[in-house]
Structures are given as C-alpha cells and as structure tokens.
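Here's input-v5.cif, which has mmCIF, C-alpha atoms and all ligand atoms:
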```cif
data_run
loop_
_atom_site.label_atom_id
_atom_site.label_comp_id
_atom_site.auth_asym_id
_atom_site.auth_seq_id
_atom_site.Cartn_x
_atom_site.Cartn_y
_atom_site.Cartn_z
CA MET N 1027 157.86 -9.37 242.84
CA PRO N 1028 159.09 -6.11 244.50
CA ASN N 1029 156.88 -3.04 243.94
CA SER N 1030 159.64 -1.23 242.13
CA THR N 1031 159.95 -4.06 239.59
CA ALA N 1032 156.19 -4.13 239.06
CA SER N 1033 156.01 -0.37 238.50
CA ARG N 1034 158.93 -0.45 236.07
CA LEU N 1035 157.28 -3.26 234.13
CA ALA N 1036 154.11 -1.16 233.98
CA GLU N 1037 156.14 1.79 232.62
CA ILE N 1038 157.59 -0.45 229.90
CA GLU N 1039 154.11 -1.75 229.09
CA ASN N 1040 152.60 1.76 228.88
CA ASP N 1041 155.38 4.07 227.74
CA GLY N 1042 157.71 1.50 226.23
CA TYR N 1043 160.68 2.33 228.49
CA THR N 1044 161.94 2.94 232.00
CA ILE N 1045 165.06 4.78 233.19
CA ILE N 1046 166.95 3.33 236.17
CA GLU N 1047 169.46 5.79 237.58
CA ASN N 1048 172.86 5.06 239.13
CA VAL N 1049 173.01 1.28 238.91
CA MET N 1050 176.59 0.87 237.69
CA SER N 1051 179.52 1.51 240.03
CA ALA N 1052 182.26 3.99 239.12
CA GLU N 1053 184.75 1.14 239.42
CA LEU N 1054 182.92 -0.98 236.83
CA MET N 1055 182.59 1.97 234.44
CA THR N 1056 186.32 2.67 234.69
CA ARG N 1057 187.20 -0.98 234.13
CA ILE N 1058 184.97 -1.29 231.06
CA ARG N 1059 186.28 1.99 229.60
CA ALA N 1060 189.85 0.70 229.98
CA GLU N 1061 188.97 -2.57 228.21
CA LEU N 1062 187.29 -0.68 225.35
CA GLU N 1063 190.01 1.90 224.87
CA PRO N 1064 192.22 -0.12 222.50
CA TYR N 1065 189.25 -0.48 220.14
CA CYS N 1066 188.32 3.23 220.18
CA GLN N 1067 191.32 4.97 218.65
CA GLY N 1068 189.44 6.96 216.02
CA GLU N 1069 190.35 4.39 213.38
CA TYR N 1070 186.92 2.85 212.66
CA LEU N 1071 184.18 5.41 212.31
CA GLY N 1072 180.64 4.42 211.33
CA ARG N 1073 180.11 3.49 207.69
CA ASN N 1074 176.76 5.18 207.22
CA ASN N 1075 174.15 7.42 208.82
CA PHE N 1076 172.88 4.58 211.00
CA GLU N 1077 176.25 3.70 212.53
CA GLY N 1078 177.12 7.40 212.54
CA THR N 1079 180.05 8.86 210.65
CA HIS N 1080 181.24 10.64 213.83
CA THR N 1081 180.70 7.54 215.95
CA GLU N 1082 182.89 4.59 216.90
CA ARG N 1083 181.07 1.31 217.41
CA VAL N 1084 182.66 -1.81 218.85
CA TYR N 1085 180.91 -5.13 218.19
CA ALA N 1086 181.52 -8.68 219.49
CA LEU N 1087 182.14 -7.14 222.90
CA LEU N 1088 182.22 -10.39 224.87
CA ALA N 1089 185.23 -11.42 222.78
CA LYS N 1090 187.02 -8.14 223.52
CA ALA N 1091 185.97 -6.55 226.80
CA PRO N 1092 185.11 -9.28 229.36
CA SER N 1093 183.78 -6.91 232.04
CA ILE N 1094 180.83 -6.16 229.75
CA ALA N 1095 179.37 -9.44 231.05
CA GLU N 1096 178.64 -7.65 234.32
CA ILE N 1097 176.18 -5.33 232.65
CA ILE N 1098 174.77 -7.95 230.29
CA GLU N 1099 173.76 -10.08 233.29
CA HIS N 1100 173.20 -7.21 235.72
CA PRO N 1101 170.57 -8.32 238.28
CA THR N 1102 168.71 -5.00 238.03
CA THR N 1103 168.02 -5.27 234.31
CA LEU N 1104 167.61 -9.06 234.27
CA ALA N 1105 164.89 -8.78 236.96
CA LEU N 1106 162.85 -6.93 234.33
CA ILE N 1107 163.89 -8.85 231.24
CA ASP N 1108 163.15 -12.19 232.94
CA GLN N 1109 159.53 -11.00 233.17
CA LEU N 1110 159.39 -9.56 229.66
CA LEU N 1111 160.87 -12.38 227.57
CA PRO N 1112 160.50 -16.18 227.63
CA LYS N 1113 162.93 -18.46 229.46
CA ASN N 1114 166.28 -18.90 227.72
CA PHE N 1115 166.03 -15.59 225.89
CA LEU N 1116 169.09 -14.73 223.85
CA LEU N 1117 171.55 -11.87 223.71
CA SER N 1118 170.78 -10.40 220.31
CA ALA N 1119 173.44 -7.70 220.22
CA ALA N 1120 175.97 -6.08 222.54
CA LEU N 1121 177.92 -3.11 221.23
CA SER N 1122 179.47 0.07 222.46
CA ILE N 1123 178.61 3.39 220.84
CA LEU N 1124 181.00 6.29 221.29
CA VAL N 1125 179.34 9.38 219.79
CA HIS N 1126 181.77 12.17 219.03
CA PRO N 1127 180.95 15.89 218.69
CA GLY N 1128 179.46 16.72 215.29
CA GLU N 1129 177.36 13.55 215.04
CA THR N 1130 173.93 13.98 213.43
CA PRO N 1131 170.78 12.17 214.62
CA GLN N 1132 170.41 8.53 213.71
CA PRO N 1133 167.36 7.50 211.64
CA PHE N 1134 164.41 6.54 213.85
CA HIS N 1135 164.11 2.77 214.18
CA TYR N 1136 163.23 -0.05 216.54
CA ASP N 1137 165.53 -2.91 217.48
CA ASP N 1138 163.48 -6.10 217.33
CA GLY N 1139 162.44 -6.24 213.67
CA ILE N 1140 162.80 -9.53 211.84
CA ALA N 1141 164.45 -8.97 208.48
CA GLY N 1142 162.67 -10.71 205.66
CA LEU N 1143 159.61 -11.96 207.58
CA PRO N 1144 156.21 -10.41 206.93
CA VAL N 1145 155.38 -9.75 210.59
CA TYR N 1146 154.10 -6.30 211.40
CA LYS N 1147 153.47 -4.16 214.50
CA PRO N 1148 151.51 -4.16 216.67
CA ARG N 1149 152.51 -7.69 217.60
CA PRO N 1150 153.83 -9.64 220.60
CA ARG N 1151 157.14 -8.48 222.05
CA PHE N 1152 160.16 -9.96 220.28
CA GLY N 1153 162.92 -8.18 222.16
CA VAL N 1154 164.04 -5.89 224.95
CA SER N 1155 166.91 -3.43 224.66
CA THR N 1156 169.03 -1.65 227.22
CA ILE N 1157 171.32 1.35 226.83
CA TRP N 1158 173.85 1.97 229.62
CA ALA N 1159 175.22 5.49 229.99
CA PHE N 1160 178.97 5.81 230.59
CA ASP N 1161 178.77 9.61 230.34
CA ASP N 1162 175.93 11.79 231.53
CA PHE N 1163 173.29 11.81 228.78
CA THR N 1164 172.63 15.54 228.32
CA ALA N 1165 170.43 17.65 226.07
CA THR N 1166 173.32 18.24 223.66
CA ASN N 1167 175.75 15.29 223.68
CA GLY N 1168 173.77 12.70 221.70
CA ALA N 1169 171.46 11.27 224.37
CA THR N 1170 169.19 8.53 223.05
CA GLU N 1171 165.77 9.83 221.99
CA VAL N 1172 162.61 7.74 222.38
CA ILE N 1173 159.01 8.11 221.24
CA PRO N 1174 156.85 7.12 224.21
CA GLY N 1175 154.13 4.61 223.36
CA SER N 1176 155.49 3.90 219.86
CA HIS N 1177 156.07 0.22 220.71
CA ARG N 1178 152.28 -0.15 220.31
CA TRP N 1179 152.02 1.73 217.00
CA ALA N 1180 151.00 0.18 213.70
CA GLU N 1181 153.94 -0.53 211.40
CA ASP N 1182 153.08 2.20 208.92
CA ARG N 1183 152.85 5.08 211.39
CA GLU N 1184 155.71 7.50 210.70
CA PRO N 1185 157.48 9.09 213.69
CA ARG N 1186 157.60 12.89 213.86
CA GLU N 1187 160.52 14.85 215.32
CA ALA N 1188 158.27 16.59 217.84
CA GLU N 1189 157.20 13.27 219.35
CA ALA N 1190 160.74 12.33 220.44
CA ILE N 1191 162.03 12.98 223.93
CA LYS N 1192 165.61 12.78 225.12
CA VAL N 1193 166.62 10.18 227.67
CA LEU N 1194 168.50 12.37 230.13
CA MET N 1195 170.31 10.35 232.78
CA PRO N 1196 173.54 10.47 234.77
CA ALA N 1197 176.49 8.23 233.91
CA GLY N 1198 175.96 4.83 235.53
CA SER N 1199 172.26 4.70 234.60
CA VAL N 1200 170.40 2.49 232.15
CA VAL N 1201 167.27 2.80 230.03
CA VAL N 1202 165.39 -0.47 229.47
CA PHE N 1203 162.90 -0.51 226.61
CA ASP N 1204 160.57 -2.66 224.57
CA GLY N 1205 162.31 -3.82 221.39
CA ALA N 1206 159.52 -2.29 219.31
CA LEU N 1207 159.94 1.22 220.78
CA ILE N 1208 160.95 3.77 218.15
CA HIS N 1209 164.16 5.57 219.13
CA ARG N 1210 167.45 6.88 217.81
CA GLY N 1211 170.81 8.18 218.92
CA GLY N 1212 170.60 11.97 219.13
CA ALA N 1213 172.83 14.62 217.54
CA ASN N 1214 175.97 15.52 219.45
CA THR N 1215 176.19 19.32 219.29
CA SER N 1216 178.38 19.49 222.40
CA ASN N 1217 182.16 19.41 222.55
CA THR N 1218 182.37 16.15 224.51
CA ASP N 1219 181.99 12.46 223.70
CA ARG N 1220 179.07 10.27 224.74
CA LEU N 1221 179.80 6.62 225.45
CA ALA N 1222 177.02 4.03 225.79
CA ILE N 1223 176.79 0.25 225.68
CA THR N 1224 173.67 -1.43 224.39
CA PRO N 1225 172.98 -5.07 225.26
CA GLN N 1226 169.84 -6.18 223.42
CA TYR N 1227 167.92 -9.39 224.13
CA CYS N 1228 165.45 -11.39 222.03
CA ASN N 1229 162.99 -14.25 222.11
CA PRO N 1230 164.94 -17.55 221.89
CA GLY N 1231 163.16 -18.52 218.67
CA LEU N 1232 164.52 -15.55 216.72
CA ARG N 1233 167.78 -14.97 214.94
CA GLN N 1234 170.18 -12.74 216.88
CA ILE N 1235 171.27 -9.47 215.27
CA GLU N 1236 174.93 -10.30 215.98
CA ASN N 1237 175.90 -13.88 215.21
CA MET N 1238 176.88 -14.51 218.81
CA VAL N 1239 178.22 -18.06 218.64
CA LEU N 1240 180.59 -17.07 215.84
CA SER N 1241 181.51 -13.79 217.59
CA VAL N 1242 182.17 -15.57 220.88
CA PRO N 1243 183.42 -19.10 220.12
CA PRO N 1244 183.35 -21.90 222.73
CA SER N 1245 186.95 -21.26 223.87
CA ILE N 1246 185.98 -17.71 224.95
CA ALA N 1247 182.39 -18.43 225.99
CA GLY N 1248 183.75 -21.01 228.45
CA HIS N 1249 185.10 -18.18 230.63
CA TYR N 1250 181.65 -16.73 231.24
CA SER N 1251 178.77 -17.71 233.48
CA GLU N 1252 176.27 -20.32 232.36
CA ARG N 1253 173.69 -17.53 232.07
CA ILE N 1254 175.84 -15.63 229.57
CA GLN N 1255 176.61 -18.84 227.68
CA ASN N 1256 172.89 -19.53 227.41
CA MET N 1257 172.24 -16.01 226.16
CA LEU N 1258 174.93 -16.36 223.51
CA GLY N 1259 173.20 -19.46 222.15
CA TYR N 1260 174.98 -22.38 223.83
CA ASN N 1261 171.59 -23.68 224.81
CA ILE N 1262 168.40 -25.16 223.40
CA ILE N 1263 164.84 -23.87 223.46
CA GLU N 1264 163.11 -25.88 226.17
CA PRO N 1265 161.14 -28.07 226.04
CA SER N 1266 162.14 -28.59 222.38
CA PHE N 1267 165.53 -29.57 220.99
CA MET N 1268 166.01 -26.49 218.79
CA GLY N 1269 169.59 -25.35 218.89
CA TYR N 1270 171.31 -28.74 219.14
CA VAL N 1271 174.78 -29.34 217.71
CA ASP N 1272 175.41 -32.72 216.10
CA GLY N 1273 172.36 -34.04 217.94
CA VAL N 1274 173.46 -33.03 221.44
CA HIS N 1275 173.20 -30.03 223.72
CA PRO N 1276 175.47 -27.19 222.49
CA ARG N 1277 176.94 -26.80 225.98
CA ARG N 1278 178.98 -29.92 225.15
CA LEU N 1279 181.16 -27.64 222.95
CA ILE N 1280 182.17 -25.80 226.13
CA ASP N 1281 182.08 -28.65 228.62
CA SER N 1282 182.57 -32.07 227.05
CA SER N 1283 181.32 -33.77 230.22
CA TYR N 1284 177.96 -31.97 230.13
CA GLN N 1285 175.26 -34.61 230.40
CA GLY N 1286 172.17 -32.63 229.37
CA ARG N 1287 170.40 -33.98 226.31
CA LYS N 1288 172.48 -37.13 225.94
CA TYR N 1289 170.06 -38.74 223.56
CA ARG N 1290 169.67 -37.86 219.93
CA PRO N 1291 166.64 -35.74 219.07
CA GLU N 1292 163.81 -37.50 217.35
CA LEU N 1293 163.69 -36.57 213.72
CA PRO N 1294 160.35 -35.40 212.36
CA PRO N 1295 158.57 -38.01 210.20
CA SER N 1296 159.74 -37.74 206.59
O1 LIG E 1301 173.30 5.52 220.49
C1 LIG E 1301 172.13 5.54 220.86
O2 LIG E 1301 171.73 6.29 221.75
C2 LIG E 1301 171.11 4.64 220.22
C3 LIG E 1301 171.72 3.71 219.21
C4 LIG E 1301 170.73 2.79 218.61
O3 LIG E 1301 169.56 2.87 218.84
C5 LIG E 1301 171.17 1.75 217.68
O4 LIG E 1301 172.25 1.83 217.13
O5 LIG E 1301 170.38 0.79 217.45
#
```
Please express what this file holds, its structure, as structure tokens.
Ligand SMILES: O=C(O)CCC(=O)C(=O)O
Amino acid sequence: MPNSTASRLAEIENDGYTIIENVMSAELMTRIRAELEPYCQGEYLGRNNFEGTHTERVYALLAKAPSIAEIIEHPTTLALIDQLLPKNFLLSAALSILVHPGETPQPFHYDDGIAGLPVYKPRPRFGVSTIWAFDDFTATNGATEVIPGSHRWAEDREPREAEAIKVLMPAGSVVVFDGALIHRGGANTSNTDRLAITPQYCNPGLRQIENMVLSVPPSIAGHYSERIQNMLGYNIIEPSFMGYVDGVHPRRLIDSSYQGRKYRPELPPS
C-alpha cells in the first residue's frame, strides 16, 4: 500500500476524516455541472432544516447525471474505501447539494446510522462518506463542518458548536470520512452558491439510504461499470447468497447470459 494511502487511512482512524485536494479535473467538474443543471432550476428547495430550505438537492444521480459515476468509482477515494469497508460494499447514497446564500447550518448528524436498530456508538464502522467540492469551500459559503474524533464518541455525547471545524478546500477536492463522524453542512453567509456531491458507501449487509436498485433500474444500470452495478446492489454478499433475485445472481437482470450463481440457493431448514 502506498505511504500516502496508509497515512490517509491513519487520519481517518484518528480524526475521522482526510481531505484530498485537487483530484477532480476541471473538465469533469464542468461536465457534471452541465448534467446537473436541468435539475437545479430553483424549483425544488429542501423541505426541512436538514435538506435546507435554501438548498437544492438532487437524488438518484446515476439515473440523471451519468458522469457522476466517475467520482463514485474514482480510484483515489476507492483506494481508501476498499481498505475501510468489506468487499462488495454498497453505494448507500449519492446526491448533489447546492447550497444557496442565506442557508442556515444543518443539524449535526452522522451518515451511517441504522434506523430502527438498537445499535449504538462506539461500534464497528458501518459506512464511509465522501463530499466532493465543485466550488471552493470557504469560511462563509456553507463548507461542510466536522467534529474531529467524534466517530469514536459514545452515542449520547452531544456535539458543541465550538468543537466543529470547517472543511476548507479548493474546488476539485474531496473529504473522505468515517460514516460515524459528526458533521453538518455549514451556513452560507456569502453571496455565492456552494455545490457539492456526496457519494456515501456502506457495509454490504446494511440497507442503503437511497433505494438504489429502484432509483437505478437494470436498463440504466447496464450502462455502468460492473463495479458501479455491484455498488448499486446488483450483486450478492459473498460467500453467502444474500441479495439473490428469484434464486439467481441479480446481475442476470442486467445480463441474461451471466453465469454466476446458476444454482438455486439452499433454503434454510424449516
Ligand atoms: O452539505 C454538506 O456539506 C453536508 C451535507 C450532509 O452532511 C448531509 O446532507 O448528510
């Protein structure tokens, strides 16, 4: 493993996050912005304080803006996530967040909670999140704020404002963080917009935040790489058979000639 990867993994272990500057080309940023533009016409602002009432969020991105795949499977971030999550991890969410001037801070939260299950922090890692900056993240335009070390906190420890630090980074950079790290989108007191895209990944045994196989049906998923298809959920958890469709590998919905898992899974004894 290269030294840089090892030191970034150590930062994520200790602080909960690492910032990698200037990984996305200007050409890719321009292309993704153009694909997103039709969905960001000021028509659908956030519905609450979490989404942000001065913020436009676009979900189901792989069904709308195909170039997003290039950041979801970017080799720089996957080199880290491959070490942080088990094989065949899933894409849990992928959305764009366009924060307009006047936005207030989001509530503090972490991304990899499991709704409805009594599992509390500190606990093993369930997810890893990334936030890609399409504008410079500045002190005033709504830069993400993180609380270093909070991924290791007990569940009942309340974050304080003074513990948060802003993730300042130039456009084209990405912050990679433990899914249990407490963070929020900051207030935008500037007079410019802040665009970010956040692909979030989770352990293959967990439910994804966005229902990815409904958001990106087989006819669309078929246009992407096998890696993206796996992350969406067109895969099983190896070496088990969890995730099958009608007793066979879900990839058969995309490629009817796929020969993996031809046999029917054994049913558990009744
Ligand atoms: O917009 C941001 O900087 C963070 C957004 C976020 O954490 C979320 O919506 O889960």
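Here the question is which of N:Glu1069, N:Glu1129, N:Glu1236, N:Glu1063 gets nearest to Thr1218 (chain N) using only C-alpha atoms, and that residue is N:Glu1129.
With distances restricted to all atoms listed in the file, N:Arg1034 is the closest residue to Phe1203 (chain N) from N:Arg1183, N:Arg1233, N:Arg1034, N:Arg1149.
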Need to verify the contact set: Pro1196 (chain N), 8 Å, only C-alpha atoms, exclusion of same-chain residues closer than 3 positions in sequence. Can you return it as a ChimeraX atom specification?
/N:1047-1048,1159,1161-1163,1199
How many Å separate CA of Asn1256 (chain N) from CA of His1209 (chain N)?
27.8 Å
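Counting all atoms listed in the file and comparing N:Tyr1136, N:Pro1127, N:Glu1181, N:Val1274, the residue that lies closest to Asn1217 (chain N) is N:Pro1127.
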Residues contacting ligand LIG 1301 (chain E) - anything with an atom at most 7 Å away, using only C-alpha atoms and all ligand atoms - can you give me those as a PyMOL selection string?
chain N and resi 1076-1077+1123+1137+1168-1171+1209-1212+1222
Need the neighbours of (175.8, -3.3, 239.9): which residues are at most 9 Å away, counting only C-alpha atoms, as number ranges by chain?
N: 1048-1051, 1054, 1096-1097, 1100-1102
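Nearest-residue note for Arg1253 (chain N): choosing from N:Val1084, N:Ile1173, N:Leu1104, N:Leu1221, the minimum distance belongs to N:Leu1104, counting only C-alpha atoms.
Nearest residue to Val1193 (chain N), choosing from N:Pro1174, N:Pro1144, N:Gly1205, N:Gly1072 and counting all atoms listed in the file: N:Pro1174.
Distances to Ile1046 (chain N) were evaluated for N:Thr1156, N:Gln1067, N:Gln1255, N:Asn1074 using all atoms listed in the file, and the minimum falls at N:Thr1156.
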As a check of understanding: the span from CA of Cys1066 (chain N) to CA of Ala1120 (chain N) is 15.6 Å
With all atoms listed in the file as the counted atoms, please give the residues lying no more than 10 Å from Ile1094 (chain N), apart from itself and same-chain residues fewer than 2 positions off, as a VMD selection string.
chain N and resid 1054 to 1055 1057 to 1059 1061 to 1062 1087 to 1092 1096 to 1100 1120 to 1122 1223 1225
